[in-house]
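Peer 1: Data: structure.cif, mmCIF, C-alpha atoms and all ligand atoms.
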```
data_target
loop_
_atom_site.label_atom_id
_atom_site.label_comp_id
_atom_site.auth_asym_id
_atom_site.auth_seq_id
_atom_site.Cartn_x
_atom_site.Cartn_y
_atom_site.Cartn_z
CA ALA N 1 50.11 253.52 6.16
CA GLU N 2 47.05 253.58 8.33
CA ARG N 3 44.97 251.96 5.64
CA ALA N 4 47.62 249.34 5.07
CA ALA N 5 47.73 248.63 8.79
CA GLU N 6 44.00 248.13 8.81
CA ARG N 7 44.45 245.55 6.14
CA GLY N 8 47.15 243.81 8.13
CA LEU N 9 49.91 244.57 5.66
CA ARG N 10 53.46 244.91 6.92
CA TRP N 11 55.39 248.00 6.05
CA HIS N 12 59.02 248.97 6.05
CA SER N 13 59.85 251.67 8.52
CA TYR N 14 60.36 254.12 5.64
CA SER N 15 56.80 253.57 4.53
CA SER N 16 56.00 256.60 2.41
CA ASP N 17 53.01 258.24 0.88
CA GLU N 18 53.96 256.64 -2.38
CA GLN N 19 53.74 253.18 -0.89
CA ASP N 20 50.42 254.06 0.64
CA GLU N 21 49.25 255.23 -2.71
CA ALA N 22 50.53 252.10 -4.41
CA SER N 23 48.74 249.75 -2.04
CA TRP N 24 45.58 251.82 -2.29
CA ARG N 25 45.67 251.55 -6.06
CA MET N 26 46.36 247.83 -5.97
CA SER N 27 43.40 247.12 -3.74
CA LEU N 28 41.13 249.32 -5.85
CA LEU N 29 42.14 247.43 -8.93
CA GLY N 30 41.06 244.14 -7.38
CA GLU N 31 37.66 245.63 -6.67
CA LEU N 32 36.93 247.29 -10.01
CA ASP N 33 35.33 244.30 -11.75
CA GLY N 34 32.97 243.64 -8.86
CA ALA N 35 32.22 247.34 -8.53
CA ILE N 36 31.11 247.51 -12.17
CA ASP N 37 28.93 244.43 -11.78
CA SER N 38 27.32 245.67 -8.57
CA GLY N 39 26.49 249.13 -9.88
CA GLN N 40 29.00 251.17 -7.87
CA VAL N 41 30.44 252.47 -11.12
CA TRP N 42 27.98 254.90 -12.65
CA VAL N 43 27.93 257.60 -15.30
CA ALA N 44 27.44 261.34 -14.79
CA TYR N 45 26.47 263.72 -17.61
CA GLN N 46 27.79 267.20 -18.13
CA PRO N 47 25.78 269.41 -20.50
CA LYS N 48 27.23 270.67 -23.78
CA TYR N 49 25.77 274.07 -24.57
CA ASP N 50 25.54 275.42 -28.11
CA LEU N 51 26.37 279.13 -28.11
CA LYS N 52 24.50 279.93 -31.32
CA SER N 53 21.19 278.27 -30.51
CA GLY N 54 21.44 278.78 -26.75
CA MET N 55 20.46 275.15 -26.26
CA VAL N 56 21.93 272.15 -24.54
CA ILE N 57 22.67 269.81 -27.42
CA GLY N 58 23.91 266.82 -25.47
CA ALA N 59 26.34 265.74 -22.79
CA GLU N 60 29.70 264.25 -22.02
CA ALA N 61 29.54 260.96 -20.13
CA LEU N 62 31.97 260.96 -17.19
CA VAL N 63 32.50 257.80 -15.20
CA ARG N 64 32.09 257.80 -11.41
CA TRP N 65 32.85 255.23 -8.72
CA LEU N 66 30.94 255.40 -5.48
CA HIS N 67 32.82 253.05 -3.22
CA PRO N 68 30.91 251.81 -0.14
CA GLU N 69 33.83 252.54 2.23
CA ARG N 70 36.01 255.03 0.43
CA GLY N 71 33.24 257.22 -0.94
CA ALA N 72 33.51 258.89 -4.32
CA ILE N 73 36.66 257.97 -6.21
CA ARG N 74 37.72 260.29 -9.03
CA PRO N 75 38.20 258.83 -12.52
CA ASP N 76 41.77 260.16 -12.51
CA ASN N 77 42.38 257.63 -9.74
CA PHE N 78 40.98 254.52 -11.36
CA VAL N 79 40.85 255.02 -15.14
CA PRO N 80 44.67 254.98 -15.52
CA LEU N 81 44.73 251.93 -13.28
CA ALA N 82 42.20 250.15 -15.46
CA GLU N 83 44.29 251.06 -18.51
CA GLU N 84 47.46 249.59 -17.06
CA SER N 85 45.79 246.40 -15.91
CA GLY N 86 43.73 245.45 -18.94
CA ARG N 87 40.38 246.27 -17.27
CA ILE N 88 39.77 249.28 -19.47
CA GLY N 89 37.81 247.23 -22.01
CA LYS N 90 35.23 246.24 -19.43
CA LEU N 91 35.04 249.79 -18.06
CA THR N 92 34.65 251.30 -21.52
CA ARG N 93 31.92 248.83 -22.46
CA HIS N 94 30.09 249.65 -19.25
CA VAL N 95 30.23 253.42 -19.84
CA LEU N 96 29.24 253.07 -23.52
CA ASP N 97 26.34 250.81 -22.68
CA THR N 98 25.10 253.00 -19.85
CA ALA N 99 25.43 256.22 -21.84
CA LEU N 100 23.73 254.84 -24.96
CA GLY N 101 21.05 253.13 -22.89
CA ASP N 102 20.30 256.42 -21.12
CA PHE N 103 20.31 258.52 -24.30
CA ALA N 104 18.10 256.01 -26.11
CA THR N 105 15.33 257.00 -23.70
CA ILE N 106 15.34 260.62 -24.91
CA THR N 107 13.08 259.94 -27.85
CA SER N 108 11.04 262.97 -28.76
CA ALA N 109 13.93 265.22 -29.70
CA VAL N 110 13.70 267.08 -32.98
CA GLN N 111 17.44 267.28 -33.05
CA ARG N 112 18.67 264.14 -31.39
CA PRO N 113 20.93 264.81 -28.41
CA VAL N 114 24.51 263.68 -28.73
CA VAL N 115 26.42 261.85 -26.04
CA ALA N 116 30.22 261.94 -25.88
CA VAL N 117 32.15 259.03 -24.42
CA ASN N 118 35.85 259.20 -23.53
CA LEU N 119 38.12 256.62 -25.10
CA SER N 120 41.41 255.75 -23.48
CA THR N 121 44.48 255.73 -25.68
CA THR N 122 44.95 252.03 -25.02
CA MET N 123 41.44 251.32 -26.29
CA LEU N 124 42.37 252.60 -29.73
CA SER N 125 44.52 249.53 -30.21
CA ALA N 126 42.04 247.08 -28.67
CA PRO N 127 41.18 244.56 -31.40
CA ASN N 128 37.46 244.49 -30.58
CA LEU N 129 36.83 248.24 -30.23
CA VAL N 130 34.84 248.74 -33.44
CA GLU N 131 32.75 245.68 -32.68
CA MET N 132 32.17 246.86 -29.09
CA VAL N 133 30.96 250.28 -30.23
CA CYS N 134 28.73 248.92 -33.02
CA ASP N 135 27.29 246.35 -30.67
CA ALA N 136 26.48 248.98 -28.03
CA LEU N 137 24.80 251.25 -30.62
CA TRP N 138 22.78 248.42 -32.08
CA ARG N 139 21.71 246.94 -28.76
CA ASN N 140 20.52 250.29 -27.46
CA GLY N 141 18.96 251.42 -30.72
CA VAL N 142 21.02 254.61 -30.93
CA LEU N 143 22.09 256.20 -34.21
CA PRO N 144 25.84 256.55 -34.83
CA GLU N 145 25.23 260.29 -35.34
CA GLN N 146 24.25 260.54 -31.68
CA LEU N 147 27.62 259.30 -30.47
CA VAL N 148 30.88 261.22 -30.21
CA LEU N 149 34.08 259.48 -29.16
CA GLU N 150 36.56 261.73 -27.38
CA VAL N 151 40.22 260.83 -27.81
CA THR N 152 42.98 262.93 -26.30
CA GLU N 153 45.21 264.94 -28.56
CA SER N 154 48.17 262.78 -27.61
CA ALA N 155 46.26 259.59 -28.45
CA ALA N 156 45.04 261.05 -31.72
CA MET N 157 48.65 261.93 -32.57
CA THR N 158 49.54 258.28 -32.80
CA SER N 159 51.58 257.15 -35.75
CA ASP N 160 49.84 253.81 -35.38
CA GLU N 161 48.13 253.27 -38.72
CA ASN N 162 45.69 250.84 -37.12
CA ALA N 163 44.47 253.43 -34.65
CA LEU N 164 44.02 255.94 -37.46
CA ALA N 165 42.11 253.36 -39.49
CA VAL N 166 39.85 252.73 -36.50
CA LEU N 167 39.09 256.45 -36.20
CA GLU N 168 38.38 256.60 -39.93
CA ARG N 169 36.08 253.62 -39.63
CA PHE N 170 34.08 255.34 -36.88
CA ARG N 171 33.97 258.50 -38.94
CA SER N 172 32.63 256.69 -42.00
CA MET N 173 29.88 255.18 -39.84
CA GLY N 174 28.76 258.68 -38.84
CA ILE N 175 30.18 258.65 -35.31
CA GLY N 176 31.73 261.96 -34.26
CA ILE N 177 35.39 262.13 -33.26
CA SER N 178 36.52 264.79 -30.81
CA ILE N 179 40.13 265.70 -30.10
CA ASP N 180 40.13 266.12 -26.34
CA ASP N 181 42.56 268.23 -24.27
CA TYR N 182 43.62 270.05 -27.42
CA GLY N 183 46.66 272.24 -26.86
CA THR N 184 48.34 269.94 -24.36
CA GLY N 185 49.84 267.66 -26.99
CA GLN N 186 52.21 268.74 -29.73
CA SER N 187 50.31 267.88 -32.85
CA THR N 188 51.52 269.56 -35.98
CA LEU N 189 49.17 271.30 -38.33
CA ASN N 190 50.02 268.78 -40.96
CA TYR N 191 48.98 265.96 -38.69
CA LEU N 192 45.85 267.67 -37.47
CA LYS N 193 44.48 268.16 -40.96
CA ARG N 194 44.82 264.44 -41.69
CA LEU N 195 42.81 263.39 -38.66
CA PRO N 196 39.22 262.28 -39.32
CA ALA N 197 37.97 264.48 -36.48
CA THR N 198 34.71 266.40 -36.31
CA GLU N 199 35.42 268.36 -33.16
CA LEU N 200 38.31 270.16 -31.50
CA LYS N 201 38.03 270.44 -27.74
CA ILE N 202 40.25 273.13 -26.27
CA ASP N 203 41.79 272.09 -22.97
CA GLN N 204 40.47 273.80 -19.86
CA SER N 205 43.87 275.14 -18.86
CA PHE N 206 43.81 277.48 -21.88
CA VAL N 207 40.14 278.26 -21.56
CA ARG N 208 40.45 279.32 -17.94
CA ALA N 209 43.50 281.46 -18.71
CA ILE N 210 41.81 283.68 -21.29
CA ALA N 211 40.26 285.82 -18.56
CA ASP N 212 43.59 287.27 -17.51
CA SER N 213 46.17 286.42 -20.12
CA ARG N 214 46.29 288.21 -23.44
CA SER N 215 48.52 285.55 -24.98
CA ASP N 216 46.15 282.75 -24.00
CA GLU N 217 43.35 284.76 -25.47
CA ILE N 218 45.20 284.98 -28.77
CA LEU N 219 45.98 281.28 -28.61
CA VAL N 220 42.38 280.26 -27.99
CA ASN N 221 41.02 282.65 -30.59
CA SER N 222 43.37 281.35 -33.27
CA THR N 223 42.67 277.74 -32.28
CA ILE N 224 38.96 278.38 -32.85
CA GLN N 225 39.68 279.82 -36.30
CA LEU N 226 42.01 276.91 -37.06
CA GLY N 227 39.38 274.35 -36.05
CA HIS N 228 36.80 276.04 -38.23
CA GLN N 229 39.16 276.17 -41.18
CA LEU N 230 39.70 272.44 -40.82
CA GLY N 231 35.93 271.95 -40.85
CA MET N 232 35.64 271.10 -37.17
CA LYS N 233 33.26 272.22 -34.50
CA VAL N 234 35.14 273.87 -31.64
CA VAL N 235 34.28 273.13 -28.03
CA ALA N 236 35.72 274.91 -24.99
CA GLU N 237 35.75 273.01 -21.73
CA GLY N 238 36.14 274.26 -18.18
CA VAL N 239 34.06 277.40 -18.65
CA GLU N 240 33.45 278.73 -15.15
CA THR N 241 32.74 282.44 -15.58
CA THR N 242 30.52 284.62 -17.76
CA ASP N 243 33.60 286.67 -18.61
CA VAL N 244 35.22 283.64 -20.27
CA LEU N 245 31.94 282.65 -21.90
CA GLU N 246 31.54 286.07 -23.49
CA ARG N 247 35.06 286.05 -24.88
CA LEU N 248 34.54 282.59 -26.36
CA GLU N 249 31.31 283.73 -27.91
CA ALA N 250 33.04 286.75 -29.45
CA PHE N 251 35.70 284.43 -30.93
CA GLY N 252 33.01 282.30 -32.57
CA CYS N 253 33.40 279.21 -30.39
CA ASP N 254 30.59 276.73 -31.12
CA VAL N 255 29.99 274.82 -27.92
CA VAL N 256 30.91 275.30 -24.27
CA GLN N 257 31.09 272.98 -21.33
CA GLY N 258 31.86 273.83 -17.73
CA TYR N 259 30.58 274.49 -14.24
CA LEU N 260 29.01 277.76 -15.39
CA ILE N 261 26.56 275.78 -17.55
CA GLY N 262 26.36 272.69 -15.42
CA LYS N 263 28.38 270.16 -13.44
CA PRO N 264 28.31 266.45 -14.25
CA VAL N 265 25.11 265.02 -12.73
CA PRO N 266 23.17 261.72 -12.68
CA PHE N 267 21.00 261.08 -15.75
CA ASN N 268 17.67 261.77 -14.04
CA ILE N 269 18.91 265.20 -12.96
CA PHE N 270 20.35 265.87 -16.39
CA THR N 271 17.02 265.17 -18.09
CA ARG N 272 15.10 267.07 -15.44
CA ASN N 273 17.28 270.13 -16.03
CA TYR N 274 17.59 270.00 -19.79
CA ARG N 275 14.83 267.83 -21.20
CA PRO N 276 12.73 270.84 -22.18
CA GLN N 277 15.63 272.16 -24.25
CA ILE N 278 16.69 268.83 -25.68
CA THR N 279 13.24 267.71 -26.74
CA GLU N 280 11.82 271.01 -27.86
P1 LIG C 1 38.26 265.04 -19.45
O1 LIG C 1 37.74 264.10 -20.48
O2 LIG C 1 39.14 266.14 -19.91
O3 LIG C 1 36.97 265.58 -18.70
C1 LIG C 1 36.82 266.88 -18.19
C2 LIG C 1 37.00 266.92 -16.70
O4 LIG C 1 36.88 268.26 -16.27
C3 LIG C 1 35.96 266.14 -15.91
O5 LIG C 1 36.58 265.66 -14.73
C4 LIG C 1 34.93 267.22 -15.57
O6 LIG C 1 34.15 266.91 -14.44
C5 LIG C 1 35.86 268.39 -15.30
N1 LIG C 1 35.20 269.67 -15.51
C6 LIG C 1 34.23 269.99 -16.38
N2 LIG C 1 33.90 271.29 -16.31
C7 LIG C 1 34.72 271.85 -15.39
C8 LIG C 1 34.86 273.17 -14.86
O7 LIG C 1 34.18 274.12 -15.25
N3 LIG C 1 35.82 273.34 -13.91
C9 LIG C 1 36.59 272.31 -13.44
N4 LIG C 1 37.49 272.57 -12.51
N5 LIG C 1 36.48 271.05 -13.93
C10 LIG C 1 35.54 270.82 -14.88
P2 LIG C 1 36.36 264.17 -14.22
O8 LIG C 1 34.93 263.77 -14.41
O9 LIG C 1 36.98 264.06 -12.87
O10 LIG C 1 37.21 263.32 -15.26
C11 LIG C 1 38.61 263.43 -15.31
C12 LIG C 1 39.18 262.67 -16.49
O11 LIG C 1 38.96 261.27 -16.34
C13 LIG C 1 38.53 263.04 -17.83
O12 LIG C 1 39.07 264.25 -18.32
C14 LIG C 1 38.87 261.83 -18.65
O13 LIG C 1 40.18 261.93 -19.14
C15 LIG C 1 38.82 260.71 -17.63
N6 LIG C 1 37.52 260.01 -17.73
C16 LIG C 1 36.31 260.32 -17.19
N7 LIG C 1 35.37 259.43 -17.54
C17 LIG C 1 35.99 258.53 -18.36
C18 LIG C 1 35.55 257.35 -19.06
O14 LIG C 1 34.38 256.94 -19.04
N8 LIG C 1 36.50 256.68 -19.80
C19 LIG C 1 37.79 257.11 -19.87
N9 LIG C 1 38.65 256.41 -20.61
N10 LIG C 1 38.23 258.20 -19.23
C20 LIG C 1 37.35 258.91 -18.48
CA CA C 2 36.69 264.33 -22.39
CA CA C 3 39.33 267.39 -21.73
CA CA C 4 41.70 265.73 -19.17
#
```
Step by step, read the file and then write its structure as structure tokens.

Peer 2:
Amino acid sequence: AERAAERGLRWHSYSSDEQDEASWRMSLLGELDGAIDSGQVWVAYQPKYDLKSGMVIGAEALVRWLHPERGAIRPDNFVPLAEESGRIGKLTRHVLDTALGDFATITSAVQRPVVAVNLSTTMLSAPNLVEMVCDALWRNGVLPEQLVLEVTESAAMTSDENALAVLERFRSMGIGISIDDYGTGQSTLNYLKRLPATELKIDQSFVRAIADSRSDEILVNSTIQLGHQLGMKVVAEGVETTDVLERLEAFGCDVVQGYLIGKPVPFNIFTRNYRPQITE
């Protein structure tokens, strides 16, 4: 209510946190376009660490908004808003372009580093998505093999034939497809095996739980075997302790991501920390 008062908005006497929240979101929405254009919206990179080679093989691009008055705004607070309001196309293009532009500068790698970009569910039905992705690859001179698109399990579970065709199209171009937040949706085995995915990304809630829950341990272990049997690389996210890392390693997990390896950081820090590994 305080914020609303500052803005000279009138409130009912029952003004609640929800209303506060609603007005906050509305005003953010109006600022998103300008924020993208003026560089307030930037991209952080979190390392993806390959357990077999012991090398950082790439990163996940995670969008950030540094607002001049409100400070850092979490993507959970503005990505859903952008989805609901039709601004997600512009945001996605911005993240894709930034991520591919940044990764295009890592040139001397023997094995080219891969960058993963998150795709909102709503983007899967955007008519210009394939064109947008191709255009961003071409403009930045990045190979399709260097890009992974992360779609959530629930988005990937769509019965929308168009969305499936789009994923297949990306796949045939050589772009990787990762099923994000795996375990939180209810995809059937039958469905999973039909998906043109290259990577299964186990949700952090399960990963974190393996340290003290035997049943979660069994679940994660069997998910890793399942992913492998379906020909996918398995990634665990939210790895925060060596205990969890060691268990994942014992289960044959391929790649880990999490604060233990590295937090999302600006590109110059990412390359400073990992360039020796990436370009070796
Ligand atoms: P996500 O794709 O599941 O990303 C993983 C989130 O977990 C990120 O939060 C990351 O910073 C956080 N994380 C990584 N390792 C750890 C860890 O060890 N411990 C803990 N506690 N957290 C960890 P972030 O950056 O706040 O992003 C939240 C969500 O916002 C993402 O979840 C994704 O769904 C969405 N998002 C982020 N960037 C984009 C984007 O460019 N486009 C779209 N459409 N969505 C995005
Ligand atoms: Ca993700
Ligand atoms: Ca995730
Ligand atoms: Ca998530």

Peer 1: Neighbouring residues of ligand LIG 1 (chain C) are defined here as those with any atom at most 7 Å from a ligand atom, counting only C-alpha atoms and all ligand atoms; list them as an MDAnalysis selection string.

Peer 2: chainID N and resid 61:63 74:76 79 92 95 117:120 180:181 237:240 257:260 263:264

Peer 1: So how far away is CA of Met157 (chain N) from CA of Asn190 (chain N), in Å?

Peer 2: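 Value for the CA of Asn190 (chain N)-CA of Met157 (chain N) distance: 10.9 Å.
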
Peer 1: Around ligand CA 3 (chain C), at most 10 Å away and counting only C-alpha atoms and all ligand atoms, which residues are there? Put them as JSON, numbers by chain, please.

Peer 2: {"N": [118, 150, 151, 152, 153, 178, 179, 180, 181, 182, 184, 201, 202, 203, 204, 205, 235, 236, 237, 238, 257]}

Peer 1: As a PDB file with C-alpha atoms, keeping the file's coordinate frame, please: the residues near region 267-272 of chain N (cut-off 10 Å, only C-alpha atoms, same-chain neighbours under 5 positions excluded).

Peer 2:
```pdb
ATOM      1  CA  TRP N  42      27.980 254.900 -12.650  1.00  0.00           C
ATOM      2  CA  VAL N  43      27.930 257.600 -15.300  1.00  0.00           C
ATOM      3  CA  ALA N  44      27.440 261.340 -14.790  1.00  0.00           C
ATOM      4  CA  TYR N  45      26.470 263.720 -17.610  1.00  0.00           C
ATOM      5  CA  GLN N  46      27.790 267.200 -18.130  1.00  0.00           C
ATOM      6  CA  PRO N  47      25.780 269.410 -20.500  1.00  0.00           C
ATOM      7  CA  GLY N  58      23.910 266.820 -25.470  1.00  0.00           C
ATOM      8  CA  ALA N  59      26.340 265.740 -22.790  1.00  0.00           C
ATOM      9  CA  ALA N  61      29.540 260.960 -20.130  1.00  0.00           C
ATOM     10  CA  THR N  98      25.100 253.000 -19.850  1.00  0.00           C
ATOM     11  CA  ALA N  99      25.430 256.220 -21.840  1.00  0.00           C
ATOM     12  CA  ASP N 102      20.300 256.420 -21.120  1.00  0.00           C
ATOM     13  CA  PHE N 103      20.310 258.520 -24.300  1.00  0.00           C
ATOM     14  CA  ILE N 106      15.340 260.620 -24.910  1.00  0.00           C
ATOM     15  CA  GLY N 262      26.360 272.690 -15.420  1.00  0.00           C
ATOM     16  CA  GLN N 277      15.630 272.160 -24.250  1.00  0.00           C
ATOM     17  CA  ILE N 278      16.690 268.830 -25.680  1.00  0.00           C
ATOM     18  CA  THR N 279      13.240 267.710 -26.740  1.00  0.00           C
TER      19      THR N 279
END
```

Peer 1: CA of Glu131 (chain N) and CA of Ala155 (chain N) are how many Å apart?

Peer 2: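 We find that CA of Glu131 (chain N) and CA of Ala155 (chain N) lie 19.8 Å from each other.
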
Peer 1: Restricting the calculation to all atoms listed in the file, which member of N:Val142, N:Gly34, N:Phe78, N:Val148 is positioned closest to ligand CA 2 (chain C)?

Peer 2: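 Of N:Val142, N:Gly34, N:Phe78, N:Val148, the one nearest ligand CA 2 (chain C) is N:Val148, counting all atoms listed in the file.
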
Peer 1: For Leu167 (chain N), which residue out of N:His67, N:Arg112, N:Arg194, N:His228 is the nearest one, using all atoms listed in the file?

Peer 2: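 Among N:His67, N:Arg112, N:Arg194, N:His228, it is N:Arg194 that comes nearest to Leu167 (chain N).
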
Peer 1: Under the rule that all atoms listed in the file are counted, which of N:Ser53, N:Gln146, N:Ser154, N:Gln19 is the nearest residue to ligand CA 4 (chain C)?

Peer 2: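 Residue with the minimum atom-to-atom distance to ligand CA 4 (chain C): N:Ser154.
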
Peer 1: Counting all atoms listed in the file, which residue out of N:Leu66, N:Leu143, N:Leu149, N:Leu124 sits closest to ligand CA 2 (chain C)?

Peer 2: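 Of the candidates, the smallest distance to ligand CA 2 (chain C) is held by N:Leu149.
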
Peer 1: Could you state the separation of CA of Pro144 (chain N) and CA of Ile175 (chain N) in Å, given to one decimal place?

Peer 2: 4.8 Å

Peer 1: With all atoms listed in the file counted, which protein, DNA or RNA residues have an atom no more than 8 Å from (43.0, 278.9, -25.2) in the file frame? Please answer as a list in words.

Peer 2: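 With a cut-off of 8 Å, the residues come to Gly183, Ile202, Asp203, Gln204, Ser205, Phe206, Val207, Arg208, Ala209, Ile210, Asp216, Glu217, Ile218, Leu219, Val220, Asn221 and Thr223 of chain N.
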
Peer 1: Rank N:Ala211, N:Asp160, N:Glu199, N:Glu84 by their smallest atom-to-atom distance to Glu246 (chain N), using only C-alpha atoms, and report the top residue only.

Peer 2: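 Comparing N:Ala211, N:Asp160, N:Glu199, N:Glu84 against Glu246 (chain N), the winner is N:Ala211.
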
Peer 1: So, counting only C-alpha atoms and all ligand atoms, which residue among N:Lys48, N:Arg171, N:Arg214, N:Arg25 is closest to ligand CA 2 (chain C)?

Peer 2: N:Lys48

Peer 1: Show me, as a PyMOL selection string, the residues that have an atom within 12 Å of Ser172 (chain N) when counting only C-alpha atoms, minus same-chain residues fewer than 6 positions from it.

Peer 2: chain N and resi 130+144-145+165-166+196-198

Peer 1: Excluding same-chain residues fewer than 6 positions from Tyr49 (chain N), what lies within 7 Å of it counting all atoms listed in the file, as a list in words?

Peer 2: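 Non-adjacent residues within range: Met55, Val56, Ile57, Val255, Val256 and Gln257 of chain N.
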
Peer 1: Please write out, as JSON, where the centre of an axis-aligned box around all listed atoms of region 114-128 of chain N lies and how long its edges are, in Å to one decimal, after adding 5 Å on each side.

Peer 2:
```
{"center_x": 34.7, "center_y": 254.1, "center_z": -27.4, "size_x": 30.4, "size_y": 29.2, "size_z": 17.9}
```

Peer 1: Within 8 Å of Lys52 (chain N), counting all atoms listed in the file, which residues qualify if same-chain residues fewer than 2 places away don't, as JSON, numbers by chain?

Peer 2: {"N": [50, 54, 254]}
